[in-house]
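Engineer: Sending over run-v2.txt (compact mmCIF, C-alpha atoms (C1' of nucleotides)).
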```
# COMPACT_ATOMS: atom_id res chain seq x y z
CA MET Z 12 13.41 -8.97 24.98
CA SER Z 13 10.99 -8.92 22.08
CA ASP Z 14 11.50 -12.56 21.39
CA THR Z 15 7.81 -13.34 21.15
CA PRO Z 16 7.79 -16.34 18.80
CA THR Z 17 4.96 -15.09 16.64
CA THR Z 18 3.74 -17.69 14.27
CA ARG Z 19 3.28 -16.98 10.60
CA ALA Z 20 -0.50 -16.80 10.76
CA GLU Z 21 -0.28 -14.41 13.65
CA ARG Z 22 2.05 -12.06 11.82
CA ARG Z 23 -0.20 -12.20 8.81
CA ARG Z 24 -3.26 -11.26 10.83
CA ALA Z 25 -1.30 -8.52 12.56
CA THR Z 26 -0.20 -7.06 9.24
CA GLU Z 27 -3.72 -7.12 7.88
CA ALA Z 28 -4.96 -5.40 11.03
CA ARG Z 29 -2.20 -2.79 10.74
CA ILE Z 30 -3.22 -2.03 7.16
CA LEU Z 31 -6.85 -1.77 8.16
CA ALA Z 32 -6.02 0.57 11.03
CA SER Z 33 -3.91 2.82 8.81
CA ALA Z 34 -6.69 2.83 6.25
CA ARG Z 35 -9.27 3.83 8.82
CA THR Z 36 -7.12 6.66 10.09
CA LEU Z 37 -6.32 8.05 6.66
CA PHE Z 38 -9.85 7.64 5.31
CA ALA Z 39 -11.07 9.48 8.40
CA GLU Z 40 -8.56 12.29 7.94
CA ARG Z 41 -8.73 12.82 4.18
CA GLY Z 42 -11.75 10.96 2.90
CA PHE Z 43 -11.87 8.29 0.20
CA ASP Z 44 -10.62 10.18 -2.83
CA ARG Z 45 -7.66 11.90 -1.20
CA THR Z 46 -6.46 8.73 0.46
CA THR Z 47 -4.12 6.77 -1.77
CA VAL Z 48 -3.40 3.08 -1.52
CA ARG Z 49 0.28 4.00 -1.44
CA ALA Z 50 -0.27 6.26 1.56
CA VAL Z 51 -2.10 3.53 3.44
CA ALA Z 52 0.65 1.07 2.59
CA ALA Z 53 3.35 3.51 3.71
CA ALA Z 54 1.56 4.17 7.00
CA ALA Z 55 1.35 0.45 7.59
CA GLU Z 56 4.98 0.04 6.46
CA VAL Z 57 4.01 -2.37 3.76
CA ASP Z 58 4.12 -2.60 -0.02
CA PRO Z 59 1.10 -1.19 -1.87
CA ALA Z 60 0.67 -4.48 -3.68
CA LEU Z 61 0.05 -6.21 -0.38
CA VAL Z 62 -2.90 -3.98 0.31
CA MET Z 63 -4.47 -5.08 -2.94
CA GLN Z 64 -3.67 -8.69 -2.27
CA TYR Z 65 -5.33 -8.62 1.14
CA PHE Z 66 -8.33 -6.44 0.41
CA GLY Z 67 -8.91 -6.79 -3.32
CA SER Z 68 -9.38 -3.15 -4.19
CA LYS Z 69 -9.35 0.30 -2.67
CA ARG Z 70 -13.14 0.23 -2.61
CA ASP Z 71 -13.21 -3.03 -0.69
CA LEU Z 72 -10.64 -1.68 1.73
CA PHE Z 73 -12.83 1.35 2.36
CA THR Z 74 -15.88 -0.83 2.86
CA ARG Z 75 -14.02 -2.97 5.36
CA ALA Z 76 -12.66 0.10 7.12
CA VAL Z 77 -16.13 1.59 7.44
CA GLN Z 78 -18.23 -1.45 8.17
CA ALA Z 79 -18.64 -2.78 11.69
CA ALA Z 80 -18.23 0.76 12.92
CA PRO Z 81 -21.02 2.76 11.36
CA ILE Z 82 -22.63 5.74 13.01
CA PRO Z 83 -23.25 4.15 16.41
CA ALA Z 84 -26.92 3.93 17.20
CA GLY Z 85 -26.34 3.85 20.91
CA ALA Z 86 -26.94 0.26 21.87
CA ASP Z 87 -28.62 -2.82 20.50
CA GLY Z 88 -32.10 -3.57 21.75
CA SER Z 89 -33.08 -0.24 23.22
CA GLU Z 90 -36.15 0.43 21.17
CA ALA Z 91 -38.98 0.48 23.66
CA ALA Z 92 -38.04 3.77 25.27
CA GLY Z 93 -40.10 6.91 25.65
CA PRO Z 94 -39.38 10.26 23.99
CA ASP Z 95 -37.33 11.43 26.96
CA ALA Z 96 -35.09 8.41 26.91
CA VAL Z 97 -34.64 8.78 23.16
CA VAL Z 98 -33.37 12.30 23.61
CA GLU Z 99 -30.86 11.28 26.25
CA GLN Z 100 -29.72 8.37 24.16
CA LEU Z 101 -29.20 10.58 21.14
CA LEU Z 102 -27.25 13.10 23.15
CA THR Z 103 -24.80 10.47 24.29
CA THR Z 104 -24.56 9.17 20.77
CA MET Z 105 -22.23 10.20 17.99
CA GLY Z 106 -19.28 10.50 20.33
CA LEU Z 107 -20.63 13.77 21.55
CA LYS Z 108 -19.98 12.76 25.11
CA LEU Z 109 -17.27 10.19 25.64
CA GLY Z 110 -14.27 10.57 23.40
CA GLY Z 111 -14.74 11.06 19.71
CA LEU Z 112 -16.30 8.99 16.99
CA PRO Z 113 -14.43 5.86 15.92
CA ASP Z 114 -12.30 6.37 12.84
CA GLY Z 115 -14.56 4.19 10.74
CA ALA Z 116 -17.56 6.38 11.43
CA VAL Z 117 -15.57 9.55 10.77
CA ALA Z 118 -14.35 8.09 7.50
CA LEU Z 119 -17.92 7.41 6.47
CA LEU Z 120 -19.09 10.89 7.45
CA ARG Z 121 -16.17 12.53 5.70
CA SER Z 122 -16.70 10.75 2.42
CA MET Z 123 -20.47 10.67 2.29
CA LEU Z 124 -20.83 13.97 0.42
CA THR Z 125 -18.37 13.14 -2.35
CA ASP Z 126 -18.29 9.38 -2.72
CA PRO Z 127 -21.52 7.82 -4.00
CA ALA Z 128 -20.81 4.47 -2.37
CA ALA Z 129 -20.18 6.11 0.98
CA ALA Z 130 -23.32 8.15 0.46
CA ASP Z 131 -25.35 4.99 -0.07
CA HIS Z 132 -23.91 3.40 3.02
CA ALA Z 133 -24.53 6.50 5.10
CA ARG Z 134 -28.04 6.91 3.73
CA GLY Z 135 -28.89 3.36 4.69
CA THR Z 136 -27.49 3.70 8.19
CA ILE Z 137 -29.26 7.00 8.70
CA ALA Z 138 -32.54 5.60 7.43
CA LYS Z 139 -32.31 2.82 9.99
CA GLN Z 140 -31.64 5.32 12.76
CA ILE Z 141 -34.57 7.44 11.69
CA ALA Z 142 -36.86 4.45 11.75
CA GLY Z 143 -35.67 3.52 15.22
CA ILE Z 144 -36.10 7.01 16.62
CA ALA Z 145 -39.47 7.44 14.95
CA ALA Z 146 -40.71 4.20 16.49
CA ALA Z 147 -39.52 5.28 19.92
CA LEU Z 148 -41.16 8.66 19.54
CA GLY Z 149 -44.53 7.03 19.32
CA PRO Z 150 -47.38 7.45 16.86
CA GLY Z 151 -47.42 11.25 16.94
CA PRO Z 152 -47.85 13.20 13.73
CA ASP Z 153 -44.75 13.64 11.62
CA ALA Z 154 -42.85 11.31 13.92
CA GLU Z 155 -40.61 10.16 11.11
CA LEU Z 156 -39.95 13.68 9.89
CA ARG Z 157 -39.09 14.86 13.38
CA ALA Z 158 -36.82 11.85 13.83
CA ALA Z 159 -35.05 12.66 10.57
CA VAL Z 160 -34.58 16.25 11.63
CA MET Z 161 -33.14 15.13 14.95
CA ILE Z 162 -30.67 12.77 13.33
CA MET Z 163 -29.48 15.22 10.70
CA ALA Z 164 -29.21 18.03 13.24
CA MET Z 165 -27.13 15.72 15.39
CA ILE Z 166 -24.91 14.86 12.45
CA GLY Z 167 -24.58 18.51 11.53
CA VAL Z 168 -23.44 19.47 15.00
CA THR Z 169 -21.07 16.51 15.10
CA VAL Z 170 -19.60 17.45 11.74
CA GLY Z 171 -19.06 21.01 12.91
CA HIS Z 172 -17.54 19.75 16.12
CA GLN Z 173 -15.26 16.97 14.96
CA LEU Z 174 -14.77 17.23 11.21
CA LEU Z 175 -15.06 20.86 10.20
CA GLU Z 176 -13.82 21.98 13.60
CA VAL Z 177 -15.76 25.19 13.77
CA ASP Z 178 -14.09 27.24 16.50
CA THR Z 179 -17.11 27.72 18.73
CA LEU Z 180 -17.89 24.01 18.77
CA ARG Z 181 -14.31 22.86 18.84
CA ASP Z 182 -13.72 24.82 22.03
CA ALA Z 183 -16.89 23.61 23.69
CA SER Z 184 -16.93 20.44 25.72
CA PRO Z 185 -19.26 17.67 24.55
CA ASP Z 186 -21.22 18.11 27.76
CA ARG Z 187 -21.90 21.77 27.09
CA ILE Z 188 -22.91 21.01 23.52
CA ALA Z 189 -25.24 18.28 24.72
CA ALA Z 190 -26.72 20.65 27.28
CA ALA Z 191 -27.34 23.29 24.64
CA LEU Z 192 -28.88 20.71 22.36
CA ARG Z 193 -31.15 19.12 24.95
CA PRO Z 194 -34.04 21.66 24.92
CA ALA Z 195 -34.09 21.59 21.14
CA PHE Z 196 -34.30 17.83 21.04
CA ARG Z 197 -36.97 17.74 23.71
CA ALA Z 198 -39.00 20.12 21.61
CA LEU Z 199 -38.50 17.88 18.60
CA ALA Z 200 -39.39 14.79 20.55
CA GLY Z 201 -42.62 16.41 21.65
CA THR Z 202 -41.95 15.60 25.27
CA THR Z 203 -43.91 18.55 26.70
CA ASP Z 204 -46.97 18.81 24.52
CA GLY Z 205 -48.18 16.64 21.65
CA MET J 220 -33.72 34.62 -35.80
CA SER J 221 -30.49 34.08 -33.94
CA ASP J 222 -28.70 36.65 -36.05
CA THR J 223 -27.68 38.69 -33.02
CA PRO J 224 -24.41 40.28 -34.15
CA THR J 225 -22.51 39.46 -31.00
CA THR J 226 -19.29 41.31 -30.75
CA ARG J 227 -16.06 39.55 -29.90
CA ALA J 228 -15.93 40.79 -26.30
CA GLU J 229 -19.50 39.68 -25.77
CA ARG J 230 -18.83 36.20 -27.00
CA ARG J 231 -15.76 36.03 -24.81
CA ARG J 232 -17.71 37.02 -21.72
CA ALA J 233 -20.46 34.58 -22.63
CA THR J 234 -17.97 31.73 -22.96
CA GLU J 235 -16.40 32.54 -19.63
CA ALA J 236 -19.82 32.63 -18.02
CA ARG J 237 -20.71 29.31 -19.62
CA ILE J 238 -17.58 27.71 -18.22
CA LEU J 239 -18.29 29.13 -14.79
CA ALA J 240 -21.85 27.84 -14.88
CA SER J 241 -20.75 24.37 -15.91
CA ALA J 242 -18.13 24.42 -13.19
CA ARG J 243 -20.67 25.38 -10.57
CA THR J 244 -23.03 22.63 -11.62
CA LEU J 245 -20.39 19.93 -11.69
CA PHE J 246 -18.70 21.03 -8.48
CA ALA J 247 -22.13 20.99 -6.85
CA GLU J 248 -22.89 17.51 -8.15
CA ARG J 249 -19.58 15.77 -7.62
CA GLY J 250 -17.44 17.96 -5.42
CA PHE J 251 -13.99 19.32 -6.11
CA ASP J 252 -11.93 16.16 -6.45
CA ARG J 253 -14.30 14.23 -8.65
CA THR J 254 -14.86 17.13 -10.99
CA THR J 255 -12.28 17.20 -13.76
CA VAL J 256 -11.27 20.22 -15.76
CA ARG J 257 -11.97 18.18 -18.87
CA ALA J 258 -15.52 17.50 -17.72
CA VAL J 259 -16.15 21.18 -17.07
CA ALA J 260 -14.73 22.02 -20.48
CA ALA J 261 -16.86 19.38 -22.16
CA ALA J 262 -20.01 20.61 -20.44
CA ALA J 263 -19.23 24.12 -21.61
CA GLU J 264 -18.36 22.81 -25.08
CA VAL J 265 -14.90 24.23 -24.90
CA ASP J 266 -11.30 23.04 -24.91
CA PRO J 267 -9.82 22.22 -21.50
CA ALA J 268 -6.93 24.56 -22.17
CA LEU J 269 -9.34 27.45 -22.39
CA VAL J 270 -10.52 26.83 -18.86
CA MET J 271 -6.97 27.17 -17.63
CA GLN J 272 -6.39 30.24 -19.74
CA TYR J 273 -9.44 31.98 -18.32
CA PHE J 274 -9.27 30.89 -14.70
CA GLY J 275 -5.63 30.07 -14.09
CA SER J 276 -6.07 26.77 -12.31
CA LYS J 277 -8.70 24.32 -11.19
CA ARG J 278 -8.39 25.74 -7.69
CA ASP J 279 -9.04 29.27 -8.87
CA LEU J 280 -11.98 28.07 -10.90
CA PHE J 281 -13.45 26.45 -7.82
CA THR J 282 -12.89 29.58 -5.78
CA ARG J 283 -14.62 31.68 -8.41
CA ALA J 284 -17.48 29.18 -8.66
CA VAL J 285 -18.01 29.25 -4.93
CA GLN J 286 -17.44 32.88 -4.08
CA ALA J 287 -20.23 35.40 -4.36
CA ALA J 288 -22.64 32.62 -3.53
CA PRO J 289 -21.67 31.36 -0.11
CA ILE J 290 -24.13 29.93 2.35
CA PRO J 291 -26.70 32.73 2.16
CA ALA J 292 -27.12 34.48 5.48
CA GLY J 293 -30.58 35.72 4.68
CA ALA J 294 -30.07 39.39 3.99
CA ASP J 295 -27.50 42.08 4.55
CA GLY J 296 -28.11 44.41 7.44
CA SER J 297 -30.62 42.47 9.43
CA GLU J 298 -28.72 42.25 12.68
CA ALA J 299 -30.84 44.14 15.14
CA ALA J 300 -33.58 41.53 15.33
CA GLY J 301 -34.89 39.70 18.34
CA PRO J 302 -34.60 35.94 18.94
CA ASP J 303 -37.95 35.28 17.32
CA ALA J 304 -36.98 37.09 14.13
CA VAL J 305 -33.68 35.25 14.06
CA VAL J 306 -35.45 31.92 14.11
CA GLU J 307 -37.76 32.89 11.27
CA GLN J 308 -34.85 34.21 9.27
CA LEU J 309 -32.87 31.02 9.75
CA LEU J 310 -35.82 28.89 8.72
CA THR J 311 -36.10 30.69 5.42
CA THR J 312 -32.36 30.43 4.94
CA MET J 313 -30.36 27.71 3.26
CA GLY J 314 -32.91 27.25 0.55
CA LEU J 315 -35.11 25.38 2.93
CA LYS J 316 -38.12 27.31 1.78
CA LEU J 317 -37.92 28.71 -1.72
CA GLY J 318 -36.24 26.47 -4.23
CA GLY J 319 -32.91 24.96 -3.43
CA LEU J 320 -29.53 26.34 -2.61
CA PRO J 321 -27.58 28.00 -5.42
CA ASP J 322 -25.06 25.70 -7.07
CA GLY J 323 -22.15 27.64 -5.62
CA ALA J 324 -23.32 27.04 -2.08
CA VAL J 325 -23.99 23.37 -2.76
CA ALA J 326 -20.51 23.03 -4.24
CA LEU J 327 -19.02 24.50 -1.10
CA LEU J 328 -21.08 22.25 1.17
CA ARG J 329 -20.25 19.17 -0.85
CA SER J 330 -16.51 19.71 -0.82
CA MET J 331 -16.07 21.06 2.67
CA LEU J 332 -15.46 17.69 4.29
CA THR J 333 -12.79 16.54 1.86
CA ASP J 334 -11.12 19.63 0.43
CA PRO J 335 -9.11 21.66 2.97
CA ALA J 336 -9.49 24.89 1.00
CA ALA J 337 -13.24 24.46 0.82
CA ALA J 338 -13.22 23.62 4.52
CA ASP J 339 -11.45 26.89 5.29
CA HIS J 340 -13.89 28.85 3.20
CA ALA J 341 -16.87 27.13 4.80
CA ARG J 342 -15.45 27.52 8.29
CA GLY J 343 -15.02 31.24 7.74
CA THR J 344 -18.51 31.71 6.37
CA ILE J 345 -20.01 29.67 9.17
CA ALA J 346 -18.07 31.60 11.81
CA LYS J 347 -19.49 34.84 10.45
CA GLN J 348 -23.00 33.44 10.56
CA ILE J 349 -22.52 32.24 14.11
CA ALA J 350 -21.33 35.67 15.18
CA GLY J 351 -24.33 37.30 13.53
CA ILE J 352 -26.84 34.94 15.11
CA ALA J 353 -25.17 35.17 18.49
CA ALA J 354 -25.34 38.95 18.41
CA ALA J 355 -29.01 38.84 17.48
CA LEU J 356 -29.73 36.35 20.26
CA GLY J 357 -28.66 38.90 22.81
CA PRO J 358 -26.30 38.63 25.77
CA GLY J 359 -27.71 35.41 27.16
CA PRO J 360 -25.37 32.72 28.41
CA ASP J 361 -23.83 30.48 25.80
CA ALA J 362 -25.31 32.65 23.08
CA GLU J 363 -22.47 31.84 20.74
CA LEU J 364 -22.62 28.14 21.46
CA ARG J 365 -26.35 28.07 20.91
CA ALA J 366 -25.90 30.00 17.69
CA ALA J 367 -23.30 27.51 16.50
CA VAL J 368 -25.59 24.62 17.30
CA MET J 369 -28.41 26.27 15.37
CA ILE J 370 -26.26 26.85 12.30
CA MET J 371 -24.79 23.38 12.22
CA ALA J 372 -28.16 21.77 12.85
CA MET J 373 -29.51 23.79 9.95
CA ILE J 374 -26.65 22.68 7.75
CA GLY J 375 -27.12 19.09 8.81
CA VAL J 376 -30.78 19.11 7.88
CA THR J 377 -30.02 20.86 4.61
CA VAL J 378 -27.36 18.31 3.78
CA GLY J 379 -29.76 15.48 4.50
CA HIS J 380 -32.42 17.18 2.44
CA GLN J 381 -30.53 18.35 -0.63
CA LEU J 382 -27.16 16.59 -0.78
CA LEU J 383 -27.49 13.22 0.85
CA GLU J 384 -31.15 13.04 -0.09
CA VAL J 385 -32.30 11.00 2.87
CA ASP J 386 -35.71 9.62 1.91
CA THR J 387 -37.73 11.09 4.76
CA LEU J 388 -36.38 14.58 4.15
CA ARG J 389 -36.31 14.32 0.41
CA ASP J 390 -40.01 13.57 0.39
CA ALA J 391 -40.90 16.33 2.80
CA SER J 392 -41.68 19.83 1.57
CA PRO J 393 -39.39 22.61 2.80
CA ASP J 394 -42.37 24.09 4.62
CA ARG J 395 -42.99 20.94 6.61
CA ILE J 396 -39.32 20.66 7.48
CA ALA J 397 -39.27 24.28 8.59
CA ALA J 398 -42.38 23.69 10.68
CA ALA J 399 -40.80 20.67 12.36
CA LEU J 400 -37.64 22.62 12.99
CA ARG J 401 -39.30 25.73 14.41
CA PRO J 402 -39.94 24.57 18.00
CA ALA J 403 -36.39 23.28 18.23
CA PHE J 404 -34.95 26.58 17.08
CA ARG J 405 -37.18 28.54 19.41
CA ALA J 406 -35.90 26.45 22.26
CA LEU J 407 -32.34 27.12 21.16
CA ALA J 408 -33.00 30.81 20.77
CA GLY J 409 -34.33 30.94 24.30
CA THR J 410 -37.47 32.73 23.20
CA THR J 411 -39.66 31.42 26.01
CA ASP J 412 -37.50 31.57 29.09
CA GLY J 413 -34.39 33.63 29.49
C1' DG M 52 16.91 -31.85 5.49
C1' DC M 53 14.17 -31.00 1.77
C1' DA M 54 10.26 -29.55 -0.76
C1' DT M 55 6.57 -26.56 -0.30
C1' DT M 56 3.79 -23.06 1.19
C1' DC M 57 3.06 -18.31 1.69
C1' DA M 58 3.77 -13.49 3.44
C1' DC M 59 5.65 -10.09 1.12
C1' DT M 60 8.26 -7.03 -2.39
C1' DC M 61 9.75 -5.22 -7.11
C1' DA M 62 8.95 -3.32 -11.28
C1' DA M 63 5.87 -2.09 -14.36
C1' DC M 64 1.53 -0.96 -16.95
C1' DA M 65 -2.50 1.65 -18.51
C1' DA M 66 -5.49 5.15 -17.58
C1' DG M 67 -6.48 9.66 -16.13
C1' DT M 68 -4.97 14.06 -14.06
C1' DG M 69 -3.76 19.28 -14.18
C1' DT M 70 -1.24 22.10 -16.97
C1' DT M 71 1.46 24.22 -20.95
C1' DG M 72 3.10 26.27 -25.40
C1' DA M 73 2.62 26.50 -30.20
C1' DG M 74 -0.44 27.50 -33.57
C1' DC M 75 -4.97 28.43 -36.48
C1' DG M 76 -8.47 31.25 -38.15
C1' DA M 77 -11.78 34.68 -37.87
C1' DA M 78 -12.97 39.22 -36.09
C1' DT M 79 -10.96 43.81 -35.55
C1' DC M 80 -8.63 48.10 -36.78
C1' DG M 81 -6.00 51.34 -39.59
C1' DC S 26 -7.33 45.48 -48.10
C1' DG S 27 -3.50 44.25 -45.19
C1' DA S 28 -1.75 43.69 -40.56
C1' DT S 29 -2.79 42.51 -36.13
C1' DT S 30 -5.17 41.18 -32.30
C1' DC S 31 -7.23 37.47 -29.80
C1' DG S 32 -10.63 33.73 -28.80
C1' DC S 33 -9.85 29.26 -29.12
C1' DT S 34 -7.94 24.47 -30.19
C1' DC S 35 -4.31 20.69 -30.72
C1' DA S 36 -0.99 17.92 -29.07
C1' DA S 37 1.73 16.89 -25.67
C1' DC S 38 4.19 16.90 -21.07
C1' DA S 39 5.00 15.23 -16.35
C1' DC S 40 2.86 13.13 -12.81
C1' DT S 41 -0.15 10.30 -9.89
C1' DT S 42 -3.39 6.83 -9.58
C1' DG S 43 -5.18 1.82 -8.91
C1' DT S 44 -3.81 -2.47 -10.14
C1' DT S 45 -1.04 -6.64 -11.68
C1' DG S 46 2.20 -10.62 -12.32
C1' DA S 47 6.53 -12.41 -11.52
C1' DG S 48 9.65 -13.27 -8.15
C1' DT S 49 12.18 -13.89 -3.22
C1' DG S 50 13.16 -15.68 0.98
C1' DA S 51 11.95 -17.33 5.31
C1' DA S 52 8.75 -20.22 8.00
C1' DT S 53 6.34 -24.63 7.68
C1' DG S 54 5.26 -29.68 7.19
C1' DC S 55 6.92 -34.24 6.38
```
Starting from the coordinates I provided, produce the structure as structure tokens.
Structural biologist:
Amino acid sequence: MSDTPTTRAERRRATEARILASARTLFAERGFDRTTVRAVAAAAEVDPALVMQYFGSKRDLFTRAVQAAPIPAGADGSEAAGPDAVVEQLLTTMGLKLGGLPDGAVALLRSMLTDPAAADHARGTIAKQIAGIAAALGPGPDAELRAAVMIMAMIGVTVGHQLLEVDTLRDASPDRIAAALRPAFRALAGTTDG
Amino acid sequence: MSDTPTTRAERRRATEARILASARTLFAERGFDRTTVRAVAAAAEVDPALVMQYFGSKRDLFTRAVQAAPIPAGADGSEAAGPDAVVEQLLTTMGLKLGGLPDGAVALLRSMLTDPAAADHARGTIAKQIAGIAAALGPGPDAELRAAVMIMAMIGVTVGHQLLEVDTLRDASPDRIAAALRPAFRALAGTTDG
DNA sequence: GCATTCACTCAACAAGTGTTGAGCGAATCG
DNA sequence: CGATTCGCTCAACACTTGTTGAGTGAATGC
């Protein structure tokens, strides 16, 4: 019944994908340091040596697992929005609404405080987000600072919700959290006065 | 001039304190996993075995380094304050205003996403803070949720400012950050409408 | 059908980890 | 002064880690 005549190249790609998926999951659960190449290999039902052969090093594996799924900015070319739209976009971001964050993003968040390379990656991604938000906020004073505060507040809440699993946030639905956050973000966006 | 006739017990206490200080610094800089007992010993100019002898294990050393300096809540018995006071108290918290966070608190923050024990400790401390803020906010709806959002937003901004060192926040003075954050917190505290 | 490619495994190394027990030497006490 | 306490170090253990090179066996190409 499972006689699918998979070709060699197909099996190879499948194995590589399986390793990458296991890596993403484990990096997301335990972070970079506490995830061992052997554990990834075991989860993918593969020899540790194969992981090295396919990805070069643990570092490279982490980079691959984290790239192409950074902290999602929302969409692609949605820059020319007003402060109000920015707030709504942010609130639907970071997996706060639909489902959770992808494993790659969680892995990056989880390791960013202890792994310098992850920190660099996260810093760069965050800087880009700040620039985007600041631009959308308009030329108001301290636009960039307010954008930075919004992003980091968002990340803080997300961390408490999905990574640290603080009871109060863990038990709250993303919609309720977003609702609680909305007035704060509107104030930061300067949507009423300013 | 340094002929202070230190007694044996004094020297012993001084050594222990030196080890603890080195531990705090290194745990704050690199987190639990990346900090080695040997590195702590070297920084304290002491043999690694002595660290074990004095503190039992690396875990216990970390616990000691982190306890008695958790995420500072502000003060002790300042519970019966109104929403406005709560906001001001929070803004002066977390080292956002005067100087930075103590090393112990930074160590806890840095390790909380990767070390389960640190996560437990942080979760507990945060839960207490949430309860305190929620009580001070009064019996409004979602008081606890809003309190949790405030705390985690605060932590997020602090992380971006002091641990991740995001450019925009790193370059901003604590006062400016607090000023940017104030309207958002007032909105969360429900200080205008009820 | 045969040689070759290649996905994959085995066994091992070298480095670094937390941790331990024996021991040294100076301060302490009678 | 002699015995003893005790702060402290040395050397080593058992283990885990990332990483490697040789090897195996089945799918592939001619």
Engineer: Give one line per residue of chain Z that approaches chain J to at most 8 Å, naming the two atoms of the closest pair and their distance in Å to one decimal, counting all atoms listed in the file; sort by chain then ascending residue number and deliver it as CSV.
Structural biologist:
```
residue,atom,partner,partner_atom,distance
Z:Arg41,CA,J:Thr333,CA,6.0
Z:Gly42,CA,J:Thr333,CA,5.8
Z:Asp44,CA,J:Asp252,CA,7.1
Z:Arg45,CA,J:Thr333,CA,7.6
Z:Arg121,CA,J:Leu332,CA,5.4
Z:Ser122,CA,J:Thr333,CA,7.0
Z:Met123,CA,J:Leu383,CA,7.6
Z:Leu124,CA,J:Arg329,CA,5.4
Z:Thr125,CA,J:Gly250,CA,5.8
Z:Ala130,CA,J:Leu383,CA,6.6
Z:Arg134,CA,J:Val385,CA,6.0
Z:Ile137,CA,J:Val385,CA,7.7
Z:Ala138,CA,J:Val385,CA,7.1
Z:Glu155,CA,J:Thr387,CA,7.0
Z:Leu156,CA,J:Thr387,CA,6.2
Z:Arg157,CA,J:Ala399,CA,6.1
Z:Ala159,CA,J:Thr387,CA,6.6
Z:Val160,CA,J:Val376,CA,6.1
Z:Met163,CA,J:Gly375,CA,4.9
Z:Ala164,CA,J:Ala372,CA,3.9
Z:Met165,CA,J:Ala372,CA,6.6
Z:Ile166,CA,J:Gly375,CA,6.0
Z:Gly167,CA,J:Gly375,CA,3.8
Z:Val168,CA,J:Met371,CA,5.0
Z:Val170,CA,J:Met371,CA,7.9
Z:Gly171,CA,J:Met371,CA,6.2
Z:Leu174,CA,J:Leu332,CA,7.0
Z:Leu175,CA,J:Ala338,CA,6.6
Z:Glu176,CA,J:Arg342,CA,7.8
Z:Val177,CA,J:Arg342,CA,6.0
Z:Asp178,CA,J:Ala346,CA,7.5
Z:Thr179,CA,J:Leu364,CA,6.2
Z:Leu180,CA,J:Leu364,CA,6.8
Z:Ala183,CA,J:Leu364,CA,7.6
Z:Ile188,CA,J:Leu364,CA,7.4
Z:Ala191,CA,J:Arg365,CA,6.1
Z:Leu192,CA,J:Val368,CA,7.2
Z:Pro194,CA,J:Ala406,CA,5.8
Z:Ala195,CA,J:Ala403,CA,4.1
Z:Phe196,CA,J:Ala403,CA,6.5
Z:Arg197,CA,J:Ala403,CA,7.8
Z:Ala198,CA,J:Ala403,CA,5.3
Z:Leu199,CA,J:Ala403,CA,5.8
```
Engineer: Using all atoms listed in the file, tabulate the residues of chain J lying at most 12 Å from any atom of chain S, each with its closest atom pair and that distance in Å to one decimal, by chain and increasing residue number, as JSON lines.
Structural biologist:
```
{"residue": "J:Thr226", "atom": "CA", "partner": "S:DG32", "partner_atom": "C1'", "distance": 11.7}
{"residue": "J:Arg227", "atom": "CA", "partner": "S:DG32", "partner_atom": "C1'", "distance": 8.0}
{"residue": "J:Ala228", "atom": "CA", "partner": "S:DG32", "partner_atom": "C1'", "distance": 9.2}
{"residue": "J:Glu229", "atom": "CA", "partner": "S:DG32", "partner_atom": "C1'", "distance": 11.1}
{"residue": "J:Arg230", "atom": "CA", "partner": "S:DG32", "partner_atom": "C1'", "distance": 8.8}
{"residue": "J:Arg231", "atom": "CA", "partner": "S:DG32", "partner_atom": "C1'", "distance": 6.9}
{"residue": "J:Arg232", "atom": "CA", "partner": "S:DG32", "partner_atom": "C1'", "distance": 10.5}
{"residue": "J:Ala233", "atom": "CA", "partner": "S:DG32", "partner_atom": "C1'", "distance": 11.6}
{"residue": "J:Thr234", "atom": "CA", "partner": "S:DG32", "partner_atom": "C1'", "distance": 9.6}
{"residue": "J:Glu235", "atom": "CA", "partner": "S:DG32", "partner_atom": "C1'", "distance": 10.9}
{"residue": "J:Glu264", "atom": "CA", "partner": "S:DC33", "partner_atom": "C1'", "distance": 11.4}
{"residue": "J:Val265", "atom": "CA", "partner": "S:DC33", "partner_atom": "C1'", "distance": 8.3}
{"residue": "J:Asp266", "atom": "CA", "partner": "S:DT34", "partner_atom": "C1'", "distance": 6.4}
{"residue": "J:Pro267", "atom": "CA", "partner": "S:DT34", "partner_atom": "C1'", "distance": 9.2}
{"residue": "J:Ala268", "atom": "CA", "partner": "S:DT34", "partner_atom": "C1'", "distance": 8.1}
{"residue": "J:Leu269", "atom": "CA", "partner": "S:DC33", "partner_atom": "C1'", "distance": 7.0}
{"residue": "J:Val270", "atom": "CA", "partner": "S:DC33", "partner_atom": "C1'", "distance": 10.6}
{"residue": "J:Gln272", "atom": "CA", "partner": "S:DC33", "partner_atom": "C1'", "distance": 10.0}
{"residue": "J:Tyr273", "atom": "CA", "partner": "S:DG32", "partner_atom": "C1'", "distance": 10.7}
```
Engineer: I'd like the contact shell of J:Phe274 - 12 Å cut-off, all atoms listed in the file, skipping same-chain residues fewer than 6 positions apart - returned as a list in words.
Structural biologist: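 Non-adjacent residues within range: Glu235, Ala236, Ile238, Leu239, Ala242, Val256, Ala260, Pro267, Ala268, Leu280, Phe281, Thr282, Arg283 and Ala284 of chain J.
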Engineer: Which residues of chain M are close to chain J, meaning at most 8 Å apart when you count all atoms listed in the file, and how do they look as a PDB file with C-alpha atoms (C1' of nucleotides), keeping the file's coordinate frame?
Structural biologist:
```pdb
ATOM      1  C1'  DT M  68      -4.970  14.060 -14.060  1.00  0.00           C
ATOM      2  C1'  DG M  69      -3.760  19.280 -14.180  1.00  0.00           C
ATOM      3  C1'  DT M  70      -1.240  22.100 -16.970  1.00  0.00           C
ATOM      4  C1'  DA M  78     -12.970  39.220 -36.090  1.00  0.00           C
TER       5       DA M  78
END
```
